[in-house]
file structure_32.cif (mmCIF, C-alpha atoms)
data_target
loop_
_atom_site.label_atom_id
_atom_site.label_comp_id
_atom_site.auth_asym_id
_atom_site.auth_seq_id
_atom_site.Cartn_x
_atom_site.Cartn_y
_atom_site.Cartn_z
CA MET T 273 -41.18 35.34 -21.50
CA HIS T 274 -38.58 32.93 -20.14
CA ASP T 275 -40.09 33.33 -16.67
CA HIS T 276 -43.36 32.09 -18.06
CA ILE T 277 -41.81 29.10 -19.83
CA GLY T 278 -39.71 28.28 -16.78
CA GLY T 279 -42.83 28.39 -14.61
CA MET T 280 -44.76 26.08 -16.92
CA LEU T 281 -41.92 23.56 -17.13
CA THR T 282 -41.56 23.69 -13.35
CA GLN T 283 -45.22 22.77 -13.10
CA VAL T 284 -44.69 19.80 -15.41
CA SER T 285 -41.91 18.51 -13.16
CA GLN T 286 -44.08 19.00 -10.06
CA LEU T 287 -47.00 17.21 -11.69
CA SER T 288 -44.75 14.26 -12.54
CA ASP T 289 -43.85 14.08 -8.84
CA LEU T 290 -47.53 14.19 -7.88
CA GLY T 291 -48.26 11.49 -10.45
CA LEU T 292 -45.50 9.32 -9.01
CA GLY T 293 -47.00 9.75 -5.55
CA ALA T 294 -50.30 8.35 -6.80
CA ALA T 295 -49.02 5.69 -9.21
CA PRO T 296 -49.15 2.06 -8.03
CA PRO T 297 -45.73 0.50 -7.31
CA ASP T 298 -44.02 -1.60 -10.01
CA THR T 299 -46.07 -0.32 -12.92
CA PRO T 300 -44.61 0.87 -16.23
CA VAL T 301 -46.31 4.25 -15.82
CA ARG T 302 -43.80 5.08 -13.07
CA ALA T 303 -40.91 5.00 -15.55
CA HIS T 304 -42.80 7.36 -17.86
CA LEU T 305 -43.59 9.76 -15.05
CA GLU T 306 -39.99 9.71 -13.90
CA ARG T 307 -38.87 10.51 -17.41
CA ILE T 308 -41.33 13.41 -17.66
CA GLY T 309 -39.80 14.75 -14.46
CA THR T 310 -36.18 14.35 -15.62
CA GLN T 311 -36.85 15.85 -19.04
CA SER T 312 -38.77 18.87 -17.78
CA ARG T 313 -36.06 19.55 -15.19
CA ALA T 314 -33.42 19.31 -17.88
CA ALA T 315 -35.45 21.79 -19.96
CA VAL T 316 -35.56 24.37 -17.14
CA GLN T 317 -31.85 23.80 -16.61
CA ALA T 318 -31.23 24.47 -20.31
CA LEU T 319 -33.23 27.70 -20.05
CA ASP T 320 -31.21 28.59 -16.97
CA GLU T 321 -28.08 28.11 -19.09
CA ILE T 322 -29.38 30.40 -21.88
CA ILE T 323 -30.30 33.11 -19.39
CA TRP T 324 -26.88 32.86 -17.81
CA ALA T 325 -25.09 32.91 -21.16
CA THR T 326 -26.93 36.00 -22.43
CA ASN T 327 -26.96 38.14 -19.28
CA PRO T 328 -24.09 40.67 -19.49
CA LYS T 329 -24.07 40.87 -15.67
CA ASN T 330 -22.28 37.53 -15.81
CA ASP T 331 -19.38 38.75 -17.93
CA ASN T 332 -16.87 38.53 -15.11
CA LEU T 333 -14.70 35.93 -13.45
CA PRO T 334 -16.45 35.57 -10.05
CA ARG T 335 -19.87 34.98 -11.68
CA PHE T 336 -18.34 32.50 -14.08
CA ALA T 337 -16.71 30.55 -11.26
CA GLU T 338 -19.95 30.51 -9.29
CA TYR T 339 -21.88 29.25 -12.29
CA ILE T 340 -19.58 26.35 -13.13
CA SER T 341 -19.53 25.46 -9.43
CA ARG T 342 -23.28 25.03 -9.22
CA PHE T 343 -23.49 23.51 -12.69
CA ALA T 344 -21.05 20.83 -11.47
CA ASP T 345 -23.14 20.26 -8.35
CA GLU T 346 -26.34 19.76 -10.31
CA PHE T 347 -24.59 17.69 -12.97
CA PHE T 348 -23.19 15.09 -10.57
CA GLU T 349 -25.90 15.28 -7.94
CA THR T 350 -27.81 12.23 -9.13
CA SER T 351 -24.70 10.27 -10.16
CA ALA T 352 -22.46 8.03 -8.08
CA ILE T 353 -19.58 10.46 -8.62
CA ARG T 354 -18.68 12.77 -5.78
CA CYS T 355 -17.70 16.23 -6.91
CA TRP T 356 -14.99 18.07 -4.96
CA GLN T 357 -14.18 21.67 -5.70
CA GLU T 358 -11.17 23.80 -5.03
CA MET T 359 -11.97 27.35 -6.01
CA PRO T 360 -10.68 30.57 -4.51
CA ALA T 361 -13.35 32.66 -2.78
CA ASP T 362 -11.46 35.88 -3.49
CA LEU T 363 -11.36 35.92 -7.29
CA PRO T 364 -10.79 39.43 -8.65
CA ASP T 365 -13.58 41.11 -10.57
CA LEU T 366 -11.92 40.64 -13.99
CA PRO T 367 -14.07 40.94 -17.11
CA LEU T 368 -14.78 37.75 -19.07
CA ARG T 369 -16.34 38.14 -22.50
CA ALA T 370 -19.62 36.32 -23.13
CA ASP T 371 -18.35 34.25 -26.09
CA LEU T 372 -15.28 33.26 -24.10
CA ARG T 373 -17.08 32.17 -20.96
CA HIS T 374 -19.64 30.27 -22.98
CA ASN T 375 -16.98 28.41 -24.96
CA ILE T 376 -15.12 27.45 -21.81
CA PHE T 377 -18.36 26.43 -20.17
CA LEU T 378 -19.18 24.12 -23.09
CA ALA T 379 -15.70 22.58 -22.89
CA ILE T 380 -16.19 21.95 -19.16
CA ARG T 381 -19.58 20.40 -19.79
CA GLU T 382 -18.07 18.11 -22.41
CA ALA T 383 -15.38 17.04 -19.93
CA PHE T 384 -18.05 16.34 -17.30
CA HIS T 385 -19.99 14.22 -19.80
CA ASN T 386 -16.89 12.15 -20.51
CA VAL T 387 -16.27 11.56 -16.82
CA LEU T 388 -19.90 10.58 -16.29
CA LYS T 389 -20.09 8.28 -19.30
CA HIS T 390 -16.69 6.64 -19.47
CA SER T 391 -14.65 7.00 -16.29
CA ALA T 392 -16.51 4.88 -13.71
CA ALA T 393 -14.86 7.24 -11.23
CA ALA T 394 -15.86 7.62 -7.58
CA SER T 395 -14.60 11.19 -7.30
CA LEU T 396 -14.00 14.20 -9.47
CA TRP T 397 -12.08 17.33 -8.61
CA LEU T 398 -12.89 20.67 -10.17
CA ARG T 399 -10.11 23.18 -9.57
CA LEU T 400 -9.81 26.75 -10.65
CA ALA T 401 -6.78 28.95 -10.23
CA LEU T 402 -5.68 32.33 -11.49
CA SER T 403 -2.12 33.53 -11.87
CA ASP T 404 -0.84 36.46 -13.95
CA ARG T 405 -4.22 36.83 -15.67
CA GLN T 406 -3.98 33.24 -16.83
CA LEU T 407 -6.96 31.14 -15.79
CA ARG T 408 -6.44 27.44 -15.22
CA ILE T 409 -9.33 25.04 -14.85
CA GLU T 410 -8.60 21.45 -14.00
CA ILE T 411 -10.95 18.49 -14.05
CA GLU T 412 -9.52 15.34 -12.55
CA ASP T 413 -11.15 12.00 -11.87
CA ASN T 414 -10.02 8.80 -10.19
CA GLY T 415 -11.67 6.53 -12.74
CA ARG T 416 -10.37 3.91 -15.11
CA GLY T 417 -8.45 6.27 -17.39
CA PHE T 418 -7.50 5.33 -20.94
CA ASP T 419 -4.58 4.71 -23.27
CA ARG T 420 -4.09 7.85 -25.32
CA ASP T 421 -2.50 6.00 -28.25
CA LYS T 422 -5.60 3.92 -28.83
CA ALA T 423 -8.65 5.66 -30.18
CA GLY T 424 -10.74 5.55 -27.05
CA PRO T 425 -14.30 6.64 -26.44
CA GLY T 426 -15.06 10.33 -26.58
CA GLY T 427 -12.38 11.08 -29.21
CA ASN T 428 -14.58 13.64 -30.95
CA GLY T 429 -15.36 15.24 -27.63
CA LEU T 430 -11.65 15.74 -26.97
CA GLU T 431 -11.20 17.40 -30.34
CA ASN T 432 -14.18 19.66 -29.64
CA MET T 433 -12.69 20.74 -26.35
CA ARG T 434 -9.31 21.36 -27.92
CA SER T 435 -10.76 23.59 -30.63
CA ARG T 436 -12.95 25.48 -28.16
CA LEU T 437 -9.88 26.31 -26.14
CA ALA T 438 -7.94 27.30 -29.24
CA GLU T 439 -10.78 29.71 -30.13
CA CYS T 440 -10.26 31.38 -26.77
CA GLY T 441 -6.53 31.70 -27.30
CA GLY T 442 -5.93 28.98 -24.76
CA ARG T 443 -4.95 25.34 -24.74
CA MET T 444 -5.98 22.03 -23.35
CA THR T 445 -3.71 19.40 -21.85
CA LEU T 446 -4.70 15.88 -21.02
CA GLU T 447 -3.08 13.24 -18.87
CA SER T 448 -4.44 9.75 -18.61
CA ALA T 449 -3.37 6.14 -18.37
CA PRO T 450 -5.31 2.92 -17.85
CA GLY T 451 -6.19 2.59 -14.18
CA LYS T 452 -4.73 5.99 -13.38
CA GLY T 453 -7.70 8.32 -13.86
CA THR T 454 -7.80 11.31 -16.16
CA ARG T 455 -6.76 14.91 -15.74
CA ILE T 456 -7.78 17.63 -18.16
CA GLN T 457 -6.50 21.14 -17.89
CA PHE T 458 -7.83 24.21 -19.68
CA ALA T 459 -5.62 27.27 -19.61
CA PHE T 460 -6.38 30.59 -21.23
CA PRO T 461 -5.52 34.25 -20.83
CA LEU T 462 -8.06 36.72 -19.46
CA MET N 182 -33.35 29.91 31.44
CA TRP N 183 -36.67 30.92 32.92
CA TYR N 184 -39.72 29.08 34.11
CA GLY N 185 -43.25 30.37 33.89
CA VAL N 186 -46.69 29.86 32.51
CA GLN N 187 -45.19 28.73 29.26
CA THR N 188 -43.75 25.40 30.08
CA ALA N 189 -44.07 25.77 26.37
CA PRO N 190 -40.66 24.46 25.31
CA SER N 191 -41.61 20.87 26.13
CA LEU N 192 -45.09 21.28 24.66
CA MET N 193 -43.55 22.79 21.58
CA SER N 194 -41.12 19.99 21.02
CA LYS N 195 -43.85 17.38 21.53
CA ARG N 196 -46.04 19.15 19.03
CA LYS N 197 -43.22 19.12 16.53
CA VAL N 198 -42.54 15.45 16.99
CA ASN N 199 -46.13 14.24 16.83
CA GLN N 200 -47.81 16.61 14.45
CA ALA N 201 -47.46 17.50 10.84
CA ILE N 202 -45.09 20.32 9.94
CA GLN N 203 -47.28 23.33 9.14
CA VAL N 204 -46.06 24.98 5.95
CA ALA N 205 -47.20 28.33 4.55
CA LEU N 206 -46.70 29.08 0.86
CA VAL N 207 -46.12 32.51 -0.68
CA GLU N 208 -46.33 32.00 -4.44
CA ASP N 209 -48.11 34.00 -7.13
CA ASP N 210 -48.41 31.28 -9.79
CA PRO N 211 -51.69 29.46 -8.99
CA GLY N 212 -50.50 26.25 -10.68
CA VAL N 213 -47.22 26.05 -8.78
CA ARG N 214 -49.08 26.96 -5.58
CA ALA N 215 -51.63 24.18 -6.05
CA ASN N 216 -48.92 21.62 -6.88
CA LEU N 217 -46.86 22.51 -3.83
CA ALA N 218 -49.94 22.32 -1.61
CA ALA N 219 -50.85 18.93 -3.09
CA MET N 220 -47.31 17.62 -2.56
CA LEU N 221 -47.39 18.67 1.09
CA ASN N 222 -50.88 17.44 1.82
CA SER N 223 -50.30 14.06 0.20
CA THR N 224 -47.26 13.39 2.40
CA PRO N 225 -47.70 12.24 6.00
CA GLY N 226 -45.93 14.63 8.38
CA PHE N 227 -46.59 17.72 6.26
CA GLN N 228 -49.51 20.04 5.96
CA CYS N 229 -50.05 23.12 3.85
CA GLN N 230 -51.38 25.51 6.46
CA ALA N 231 -52.03 28.42 4.09
CA ALA N 232 -51.12 29.66 0.63
CA TYR N 233 -50.70 33.38 -0.11
CA PRO N 234 -50.53 34.84 -3.61
CA ASP N 235 -48.34 37.82 -2.63
CA GLY N 236 -46.10 39.29 0.03
CA PHE N 237 -48.72 41.67 1.41
CA SER N 238 -51.18 38.97 2.42
CA ALA N 239 -48.33 36.85 3.80
CA LEU N 240 -47.16 39.73 6.01
CA LYS N 241 -50.69 40.28 7.21
CA HIS N 242 -51.42 36.71 8.30
CA ILE N 243 -48.18 34.90 9.08
CA PRO N 244 -47.40 36.76 12.35
CA ALA N 245 -50.62 35.37 13.85
CA SER N 246 -50.77 31.98 12.15
CA ARG N 247 -47.14 31.09 13.03
CA PRO N 248 -46.42 28.32 10.54
CA ASP N 249 -43.41 26.07 11.22
CA VAL N 250 -41.82 26.87 7.86
CA VAL N 251 -42.57 29.38 5.08
CA LEU N 252 -41.83 28.56 1.44
CA MET N 253 -41.45 31.80 -0.48
CA ASP N 254 -41.07 32.55 -4.16
CA ILE N 255 -38.22 34.98 -4.86
CA ASN N 256 -39.98 36.64 -7.81
CA LEU N 257 -43.24 37.81 -6.29
CA PRO N 258 -45.16 40.59 -8.03
CA GLY N 259 -45.60 43.88 -6.18
CA MET N 260 -43.25 43.09 -3.34
CA LEU N 261 -40.25 40.91 -4.12
CA GLY N 262 -39.75 37.82 -1.97
CA THR N 263 -36.46 39.35 -0.85
CA GLU N 264 -38.31 42.34 0.62
CA CYS N 265 -41.08 40.18 2.05
CA VAL N 266 -38.64 37.98 3.98
CA ARG N 267 -36.92 41.09 5.37
CA GLN N 268 -40.21 42.44 6.74
CA LEU N 269 -41.36 39.03 7.90
CA LYS N 270 -38.22 38.70 10.02
CA ASN N 271 -39.36 41.82 11.91
CA VAL N 272 -43.00 40.88 12.42
CA ALA N 273 -42.62 37.12 12.81
CA PRO N 274 -39.08 36.47 14.05
CA GLY N 275 -38.30 32.82 14.54
CA VAL N 276 -40.43 31.63 11.63
CA PRO N 277 -37.89 30.15 9.20
CA VAL N 278 -38.24 31.02 5.52
CA LEU N 279 -37.05 28.86 2.63
CA MET N 280 -36.78 30.68 -0.69
CA LEU N 281 -37.87 29.08 -3.96
CA THR N 282 -36.63 30.18 -7.35
CA VAL N 283 -37.18 29.00 -10.94
CA TYR N 284 -33.73 30.08 -12.12
CA ASP N 285 -30.52 30.10 -10.21
CA ASP N 286 -30.30 33.87 -9.73
CA SER N 287 -27.39 34.18 -7.34
CA GLU N 288 -27.92 37.90 -6.69
CA GLN N 289 -31.49 37.52 -5.50
CA ILE N 290 -30.61 34.40 -3.54
CA PHE N 291 -27.80 36.10 -1.67
CA LYS N 292 -29.98 39.13 -0.96
CA SER N 293 -32.70 36.89 0.50
CA LEU N 294 -30.20 35.17 2.76
CA MET N 295 -28.91 38.56 3.91
CA ALA N 296 -32.52 39.53 4.58
CA GLY N 297 -32.94 36.57 6.91
CA ALA N 298 -33.97 33.54 4.82
CA SER N 299 -32.74 30.17 6.12
CA GLY N 300 -31.92 28.69 2.73
CA TYR N 301 -33.09 28.36 -0.85
CA LEU N 302 -34.14 25.71 -3.33
CA LEU N 303 -34.72 25.62 -7.04
CA LYS N 304 -38.35 24.99 -7.90
CA ARG N 305 -37.31 22.11 -10.10
CA THR N 306 -35.97 20.29 -7.03
CA PRO N 307 -37.63 16.85 -6.85
CA LYS N 308 -40.31 16.40 -4.21
CA ASP N 309 -38.28 14.18 -1.89
CA LYS N 310 -35.46 16.71 -1.67
CA LEU N 311 -37.90 19.56 -1.13
CA LEU N 312 -39.56 17.73 1.76
CA GLU N 313 -36.17 16.83 3.22
CA ALA N 314 -35.15 20.50 3.19
CA ILE N 315 -38.38 21.53 4.94
CA ARG N 316 -37.83 18.84 7.58
CA GLU N 317 -34.24 19.99 8.05
CA ILE N 318 -35.22 23.63 8.51
CA ASN N 319 -38.05 22.69 10.87
CA SER N 320 -35.60 20.85 13.10
CA GLY N 321 -33.40 23.92 13.44
CA GLY N 322 -31.09 23.21 10.51
CA ALA N 323 -29.57 25.85 8.29
CA PRO N 324 -28.70 24.50 4.87
CA MET N 325 -25.97 26.29 2.93
CA SER N 326 -24.70 25.50 -0.55
CA ARG N 327 -21.00 25.71 -1.28
CA GLN N 328 -21.51 28.62 -3.67
CA ILE N 329 -23.15 30.57 -0.87
CA ALA N 330 -20.36 29.50 1.50
CA ARG N 331 -17.80 31.05 -0.87
CA ARG N 332 -19.92 34.14 -1.36
CA VAL N 333 -20.13 34.59 2.42
CA VAL N 334 -16.36 34.35 2.81
CA GLN N 335 -15.89 36.90 0.04
CA PHE N 336 -18.49 39.19 1.56
CA PHE N 337 -16.80 39.27 4.96
CA GLN N 338 -13.41 39.84 3.36
CA GLU N 339 -14.80 42.90 1.59
CA ILE N 340 -16.39 44.16 4.79
CA GLU N 341 -13.05 43.94 6.55
CA GLN N 342 -11.39 45.92 3.79
CA MET N 343 -13.92 48.73 3.96
CA PRO N 344 -12.69 52.09 5.22
CA ALA N 345 -12.55 52.16 9.01
CA GLY N 346 -15.37 54.69 9.35
CA ALA N 347 -17.80 52.56 7.37
CA GLN N 348 -17.26 49.29 9.15
CA LYS N 349 -16.57 50.17 12.77
CA THR N 350 -20.11 50.16 14.01
CA PRO N 351 -20.51 47.96 17.07
CA GLU N 352 -22.83 45.41 15.48
CA LEU N 353 -20.45 44.64 12.63
CA GLN N 354 -18.83 41.36 13.43
CA THR N 355 -16.35 39.30 11.51
CA LEU N 356 -16.23 35.54 11.18
CA THR N 357 -14.47 33.51 13.84
CA ASP N 358 -11.63 31.18 12.82
CA ARG N 359 -13.92 28.23 13.43
CA GLU N 360 -16.65 29.66 11.21
CA GLU N 361 -14.08 30.22 8.47
CA GLN N 362 -12.94 26.60 8.76
CA VAL N 363 -16.51 25.36 8.50
CA LEU N 364 -17.13 27.50 5.41
CA ALA N 365 -13.92 26.33 3.74
CA LEU N 366 -14.82 22.66 4.21
CA LEU N 367 -18.36 23.31 3.02
CA ALA N 368 -17.05 25.03 -0.11
CA LYS N 369 -14.86 22.05 -0.89
CA GLY N 370 -17.81 19.69 -0.79
CA HIS N 371 -17.93 18.16 2.67
CA ALA N 372 -21.25 17.31 4.28
CA TYR N 373 -22.07 18.68 7.75
CA LYS N 374 -21.45 15.26 9.31
CA GLU N 375 -17.97 15.08 7.75
CA ILE N 376 -17.17 18.62 8.86
CA ALA N 377 -18.11 17.60 12.39
CA ASP N 378 -15.73 14.62 12.23
CA LEU N 379 -12.88 16.58 10.64
CA LEU N 380 -13.06 19.38 13.21
CA ALA N 381 -13.83 16.99 16.08
CA ILE N 382 -17.01 18.82 16.99
CA SER N 383 -20.61 17.65 17.08
CA PHE N 384 -23.04 17.81 14.19
CA GLU N 385 -25.14 20.20 16.22
CA THR N 386 -22.15 22.50 16.70
CA VAL N 387 -21.64 22.63 12.93
CA ARG N 388 -25.27 23.69 12.56
CA THR N 389 -24.83 26.30 15.28
CA HIS N 390 -21.85 27.76 13.41
CA ILE N 391 -23.86 27.97 10.18
CA ARG N 392 -26.80 29.58 11.97
CA SER N 393 -24.45 32.09 13.55
CA ILE N 394 -22.95 32.90 10.13
CA TYR N 395 -26.43 33.50 8.73
CA GLU N 396 -27.23 35.66 11.74
CA LYS N 397 -24.11 37.80 11.18
CA LEU N 398 -25.10 38.28 7.54
CA HIS N 399 -28.55 39.30 8.65
CA VAL N 400 -27.19 41.83 11.15
CA HIS N 401 -24.92 43.27 8.48
CA SER N 402 -27.75 43.66 6.03
CA ARG N 403 -29.19 46.38 8.27
CA THR N 404 -26.13 48.59 8.15
CA GLU N 405 -25.63 51.34 5.66
CA ALA N 406 -22.23 50.22 4.45
CA VAL N 407 -23.67 46.91 3.40
CA LEU N 408 -26.66 48.45 1.71
CA LYS N 409 -24.17 50.22 -0.51
CA TYR N 410 -22.41 46.94 -1.18
CA LEU N 411 -25.67 45.33 -2.21
CA LYS N 412 -26.58 48.16 -4.56
CA ARG N 413 -23.40 47.87 -6.59
#
call {"tool": "encode", "arguments": {"input": "structure_32.cif", "output": "structure tokens"}}
result
Amino acid sequence: MHDHIGGMLTQVSQLSDLGLGAAPPDTPVRAHLERIGTQSRAAVQALDEIIWATNPKNDNLPRFAEYISRFADEFFETSAIRCWQEMPADLPDLPLRADLRHNIFLAIREAFHNVLKHSAAASLWLRLALSDRQLRIEIEDNGRGFDRDKAGPGGNGLENMRSRLAECGGRMTLESAPGKGTRIQFAFPL
Amino acid sequence: MWYGVQTAPSLMSKRKVNQAIQVALVEDDPGVRANLAAMLNSTPGFQCQAAYPDGFSALKHIPASRPDVVLMDINLPGMLGTECVRQLKNVAPGVPVLMLTVYDDSEQIFKSLMAGASGYLLKRTPKDKLLEAIREINSGGAPMSRQIARRVVQFFQEIEQMPAGAQKTPELQTLTDREEQVLALLAKGHAYKEIADLLAISFETVRTHIRSIYEKLHVHSRTEAVLKYLKR
């Protein structure tokens, strides 16, 4: 079923490319075609996410790390933000429950959205480290940062992330100051 | 180096410079197949040489038609793309294969690379990036994503930890220090050009390292120990 939908949406994105190839320059139709392409790609990506989230084969640490690594790549690919990653290649094959990995994934996605929307950063670092069955994921950017005492943009997002981590028995820490970038850390037990 | 009737190398390179890159498609979905063919044929420098609906017809014709690059769907009916690329490497060695996949299925992707594919792309990849990847592969490039780079490192570590009897066949090779350095920089996010600068080697040398890493994977995929690893 999802293969079929994925195939159809893929065709839509290809047809938008073909349309763009034939559309005259500087016409409004180009913007529409581009949007058809972006939206259909986003739809396949969303399906990709559902398939990943529901496949029990992914209920382990190495698969999780691989998924957030390529999610980050695709997320920042078309932005001006360069994504660096520091992830161990030799992660042990520890189990990671589906609800847990999905919650953490959503928190990471939220953090990425904040960086993309508010940071004006040139670079972002995604780091993952494991010690004593405690997983630590760090997302750091070199953007404009913010004053934590003033209600800044993305306040709700921060609360969401915090509660997602709490649900997993973990916690979130945040460091930021104007002009100093932002660093978010998620830590939770496996 | 030998000289003979085939002063072919120079002819070959001229052909590649002046003529369109001949691409063969192996894709069962008629819509996707037609779109890919249209994308290629509407771009100067590219031509869709043939389009096959399954692995069997591809294996039958590609050894004789010798396209410059093959684009192959991972999820073919009857014979999986992974199996098709493995057999194609035997009957048409030297024809590079780029795998296409709708979803990011890392297992199938890694298996295809082990079987001899030169890279992979998601089908949702925009046209310009798809064409760029074909051009890159046609000019001897070997693209590798950082996820694959990490997976390769992990794979060779596991090979080295296998019991002595399983791994000590002569064709089993490990990575050189240089290859490990290249993979580590790739995993972090450096582009080939930056890796070349950081290691003070040429861009072409970086590519050679990546090709050699792919080749080692390919050699390993034929050994029994690794078949067991893949079946886990």
call {"tool": "closest_residue", "arguments": {"input": "structure_32.cif", "among": "T:Ile277, T:Ala337, T:Leu287, T:Ile323", "to": "Leu400 (chain T)", "atoms": "all atoms listed in the file"}}
result
T:Ala337
call {"tool": "closest_residue", "arguments": {"input": "structure_32.cif", "among": "N:Ala298, N:Ala232, N:Ile255, N:Leu366", "to": "His399 (chain N)", "atoms": "all atoms listed in the file"}}
result
N:Ala298
call {"tool": "closest_residue", "arguments": {"input": "structure_32.cif", "among": "N:Ile329, N:Leu206, N:Leu279, N:Val272", "to": "chain T", "atoms": "all atoms listed in the file"}}
result
N:Ile329
call {"tool": "interface_residues", "arguments": {"input": "structure_32.cif", "of": "chain T", "to": "chain N", "cutoff": "9 Å", "atoms": "all atoms listed in the file", "output": "PyMOL selection string"}}
result
chain T and resi 275+278-283+285-287+289-290+293+309+312-313+316-317+319-320+323-324+335+338-339+341-342+354-363
call {"tool": "closest_residue", "arguments": {"input": "structure_32.cif", "among": "N:Ala218, N:Met260, N:Ala201, N:Val278", "to": "Ile318 (chain N)", "atoms": "all atoms listed in the file"}}
result
N:Val278
call {"tool": "atom_distance", "arguments": {"input": "structure_32.cif", "atom1": "CA of Lys270 (chain N)", "atom2": "CA of Leu364 (chain N)"}}
result
24.3 Å
call {"tool": "resolve_selection", "arguments": {"input": "structure_32.cif", "expression": "the PyMOL selection byres ((chain T and resi 409) around 9)", "output": "ChimeraX atom specification"}}
result
/T:380,398-402,407-408,410-411,456-460
call {"tool": "atom_distance", "arguments": {"input": "structure_32.cif", "atom1": "CA of Asn330 (chain T)", "atom2": "CA of Glu346 (chain T)"}}
result
19.0 Å
call {"tool": "atom_distance", "arguments": {"input": "structure_32.cif", "atom1": "CA of Ser238 (chain N)", "atom2": "CA of Glu208 (chain N)"}}
result
10.9 Å
